[in-house]
Amino acid sequence: MEFRWHPISQADPISFGIHRVPDYPGYSQVVDYVPRTVDTELDERLEDLTETGGMLLLTGDSAAGKSRALFESMLRKLSGWLVCKPDPDANISFLLATARDEKRVIWLDDLDSYLHSDSLTPSLLDELTARKMIVLATLRTEFYEHYTDESGAQSISRATGPRIPSAPGRVIRMAHHIALQRIWTDVERQSASLSEDPRVSEALKSDKAYGLAEYLAAGPQVLKLWRSASRVKGNPRGAALVAAAIDLARTGVDPSLPHGAVERLHEHYLDQAGGPALRPESIDEAWAWASKVILGVTSPLVPGRGGTWKPFDYLVSDIARMSHPTDLPEQVWPEALRVVDDSRRALVSTVARVAGRRDIAKEVLRPLADADDPDGLINLGALSASEHDYESANRYFMRASDIGDATGTHNLGALCYTRGDLERARKWYALAIERGELQSIGALGLVCEKLGNQEEAVALWKRGTEAGDPGSALHYSDWLASKWQSDEAMGALLVAADGENPFAALSYAGALLRKKDHETANVYVSRSYEIATKQGYLGDPVGCLIAGVNAYSFGNVQMGKTWWDRARDNGCQIDWVVLNAPDDAPGLRNLVIDQVTLDKLGDDEAYLLMQILWSGDCLDCGYPLKEGVPALYVDDHYNWSDAKLFHFGLCRYPRWNDSALTTVAKDVGITWESFTTGVPAGHNLDQLLPALIVNPSMEAAHLVSDGQDWRATGVYGPRSTLSAALHMRPIWAGLPPKTSDGLAWSLTGSDEVAVAALHQVWSAPATEELIALVEQYGGALLIVTSAFGPGTPVTMEVVMDVLESWTSMTRWAPLRTNAAL
């Protein structure tokens with residue numbers, strides 16, 4: 001097989017996959033390059049690769065400008081090198097025989113066409129890198145997400161479940177990855193404004209919802225033409241042909257589609273659009289319209305080799321961006337099974353899983369498994385395991401392991417671990433490590449821990465962390481934290497967070513919040529949700545679980561419930577409960593509580609606790625809880641307990657902690673609210689007593705045991721130890737006597753009143769009239785309550801709520817003379 005090498009300095013952009021632009025007299029088919037913000041990063045990465053070799057992958061939507069940006073960087077940095085553009089059907093392993101010297105570049109535009117066993121494999125990429133050759137590749141975003149999502153249906157955050165990493169996924173993970181955004185920045189548009197090309201000037205006038213590159217490639221124009229064709233006197237049959245080709249390509253099959261497949265499938269789309277009522281054109285007219293070149297650039301359907309047709313890739317990207325594989329109609333899957341070739345079966349299986357079509361996902365893999373293809377065996381085994389068909393899963397994994405596949409060996413260990421056979425799990429994991437399976441290190445450590453060998457487990461986790469295994473790093477971080485080695489634990493947690501572990505990413509975000517690195521924390525929160533939802537759509541129960549945690553932490557209760565329902569449907573047992581308060585109840589709207597705590601309190605007391613607590617600031621990181629659903633964490637002190645609120649997932653998970661070790665919270669976010677007012681002196685409504693009304697802790701409450709049951713109360717509420725220590729009484733029992741016991745004192749200032757009690761000082765603004773009342777009566781009432789929350793406006797209705805609340809406690813605080821504020 002012949003591979004041609006060409007000097008990069010003489011490379012023609014059109015032949016490298018650069019989109020043509022609309023015809024214009026006196027101008028070429030390609031506009032002069034407009035600099036992109038990604039250029040600096042591309043150039044720096046290419047400079048590094050000239051020393052080491054390796055692969056650089058640029059991902060983004062169709063017509064975002066991927067190929068052009070990568071091509072221009074290649075011209076700038078590798079102009080003295082040779083480049084080869086192999087055919088997708090070629091066995092590119094033969095490239096090694098034709099590359100007799102260094103400074104060679106392999107150009108793989110649309111990488112998905114090269115990810116099969118006769119093309120770019122992990123071992124081939126290793127060999128190319130060893131020779132310091134550079135592979136430059138582009139890949140559309142939706143394919144990048146499908147190929148790199150390797151969550152097994154039984155995988156868990158602690159790395160003991162079956163894995164399904166495909167060879168294409170491993171290739172992509174070996175690459176240096178850069179993402180290109182489709183929407184152009186203001187800086188990029190400013191650069192474009194300097195161009196004298198009228199086509200660029202026209203593109204700048206277009207809707208900013210489109211990037212300049214896609215407008216120049218006629219993407220929005222073709223999209224508009226297609227969307228407007230399904231009408232009477234339009235081209236509804238032609239539009240249906242395009243729709244059929246788009247959805248068929250979205251399943252992951254080769255986008256070069258047989259004429260007959262598109263034609264068979266299009267009838268469904270025509271019927272959906274209106275059928276005969278649209279007066280559809282003849283099939284020949286439909287094909288003529290769908291293949292007509294627009295603006296001298298492209299057509300909705302592009303002819304390929306051997307009579308095949310490809311949907312214009314911009315249309316596929318647009319639909320993929322706006323919808324989800326679950327939206328693919330039933331009719332598309334049988335046709336996908338009919339036309340798929342072996343090189344795309346693993347990808348089609350992944351898309352089918354995302355779409356919820358496990359039947360298709362398994363059926364498309366069977367020819368690969370029958371041929372003892374490792375990807376087919378492992379994917380099919382993981383699907384069987386997700387359905388608890390462990391016998392079939394074991395058979396597939398064993399076949400993969402017998403041909404030397406390390407992932408198959410790891411998964412045999414995972415099955416043994418799942419079924420409680422720790423000794424056999426140890427042997428399989430150890431063999432997988434010998435075969436190079438990094439994730440088995442953390443899993444073997446967990447097995448050792450369960451077998452009672454903590455020292456060996458820690459040594460394995462440390463080894464795995466140093467090797468970059470996220471599962472090992474998560475365990476090692478937990479162990480270091482338990483030994484109060486916070487800096488080392490933070491470093492290990494970062495290794496886990498940078499892996500495909502949404503649990504670790506969320507935990508690391510919480511650690512960053514505690515270090516006041518709010519900006520980076522937001523990055524990892526987003527990363528956690530992105531990974532979790534991607535895994536959740538593939539049926540991973542833990543992905544669903546953490547996606548729900550994220551949704552609840554954002555305050556999206558309905559989305560959280562949806563994800564947790566999916567987690568349960570996929571076999572995940574969730575020991576947390578989300579309580580929702582009645583609309584007219586004070587306090588918290590929602591609360592995440594663990595089942596143990598709920599069992600101890602009972603429903604009525606749990607809802608009573610929600611009336612005492614308010615969403616102020618997290619008591620660990622100090623940042624506001626806002627609209628997020630907080631987590632309740634309880635520290636049990638035998639006959640009483642602290643119940644506190646934290647960011648769910650970020651800072652704490654719900655728990656009743658009855659261990660001797662109390663997890664320290666900084667209480668940095670303790671929030672209290674107060675105001676001053678006059679309250680009636682008994683039944684005499686005309687006589688007012690000065691009062692300082694305080695909610696002493698929005699985010700904390702006490703639970704008090706009466707020997708059998710636990711009762712909720714405010715920090716200074718009825719039955720609380722602090723209330724008793726301050727000699728407070730329920731306000732419903734009547735006003736307290738004006739006595740002095742030295743435990744509390746009133747103080748006045750020019751415009752405020754304060755009360756000092758038990759090493760705590762509360763204060764609030766006060767009018768001159770109220771300050772005069774304090775001085776007249778020689779003190780003020782201290783009323784401590786949970787009846788109002790953050791930012792509550794002071795109205796007579798609020799005051800009456802306080803006076804009538806069962807949580808309100810009071811005492812007299814005499815004025816300390818000569819001690820004004």
# chains A, B, ... in the order shown; residues from 1 in each chain; ligands from 1
$ select_by_dssp --residues "range 586-808 of chain A" --states "helix (DSSP H, G or I)" --output "VMD selection string"
chain A and resid 595 to 601 603 to 612 721 to 725 731 to 733 768 to 777 796 to 804
$ residues_around --residues "Thr597 in chain A" --least-positions-apart "2" --cutoff "8 Å" --atoms "only C-alpha atoms" --output "list in words"
Ile593, Asp594, Gln595, Asp599, Lys600, Leu601, Val634, Arg655 and Trp656 of chain A
$ write_last_selection --atoms "N, CA, C and O atoms" --output "JSON list (two decimals), in the first residue's frame"
[["chain", "number", "residue", "atom", "x", "y", "z"],
["A", 593, "ILE", "N", -31.52, 14.27, 54.09],
["A", 593, "ILE", "CA", -31.29, 13.63, 55.37],
["A", 593, "ILE", "C", -31.04, 12.15, 55.12],
["A", 593, "ILE", "O", -31.59, 11.57, 54.19],
["A", 594, "ASP", "N", -30.18, 11.53, 55.92],
["A", 594, "ASP", "CA", -29.95, 10.10, 55.70],
["A", 594, "ASP", "C", -31.02, 9.29, 56.41],
["A", 594, "ASP", "O", -31.69, 9.76, 57.34],
["A", 595, "GLN", "N", -31.18, 8.04, 55.98],
["A", 595, "GLN", "CA", -32.26, 7.21, 56.48],
["A", 595, "GLN", "C", -32.09, 6.91, 57.96],
["A", 595, "GLN", "O", -33.08, 6.83, 58.71],
["A", 599, "ASP", "N", -34.94, 7.69, 60.69],
["A", 599, "ASP", "CA", -35.48, 6.65, 61.56],
["A", 599, "ASP", "C", -35.41, 7.07, 63.03],
["A", 599, "ASP", "O", -36.32, 6.76, 63.81],
["A", 600, "LYS", "N", -34.36, 7.76, 63.42],
["A", 600, "LYS", "CA", -34.21, 8.19, 64.82],
["A", 600, "LYS", "C", -35.21, 9.28, 65.17],
["A", 600, "LYS", "O", -35.76, 9.31, 66.28],
["A", 601, "LEU", "N", -35.45, 10.20, 64.22],
["A", 601, "LEU", "CA", -36.33, 11.33, 64.50],
["A", 601, "LEU", "C", -37.79, 11.02, 64.24],
["A", 601, "LEU", "O", -38.68, 11.46, 64.98],
["A", 634, "VAL", "N", -25.32, 15.27, 61.56],
["A", 634, "VAL", "CA", -25.59, 15.24, 62.99],
["A", 634, "VAL", "C", -24.41, 14.64, 63.74],
["A", 634, "VAL", "O", -23.97, 13.54, 63.42],
["A", 655, "ARG", "N", -25.46, 12.46, 57.38],
["A", 655, "ARG", "CA", -24.98, 11.37, 58.23],
["A", 655, "ARG", "C", -25.38, 11.63, 59.68],
["A", 655, "ARG", "O", -25.42, 12.77, 60.12],
["A", 656, "TRP", "N", -25.64, 10.56, 60.41],
["A", 656, "TRP", "CA", -25.74, 10.60, 61.87],
["A", 656, "TRP", "C", -24.43, 10.04, 62.41],
["A", 656, "TRP", "O", -24.16, 8.85, 62.32]]
$ closest_atom_pairs --of "range 335-399 of chain A" --to "range 137-142 of chain A" --cutoff "12 Å" --atoms "only C-alpha atoms" --output "Markdown table"
| residue | atom | partner | partner_atom | distance |
| --- | --- | --- | --- | --- |
| A:Leu347 | CA | A:Glu142 | CA | 11.2 |
| A:Thr350 | CA | A:Glu142 | CA | 11.7 |
| A:Val351 | CA | A:Glu142 | CA | 10.0 |
| A:Val354 | CA | A:Glu142 | CA | 11.9 |
$ closest_residue --among "A:His116, A:Lys427, A:Lys561, A:Lys77" --to "Ala90 in chain A" --atoms "only C-alpha atoms"
A:His116
$ atom_distance --atom1 "CA of Asp359 in chain A" --atom2 "CA of Arg568 in chain A"
20.0 Å
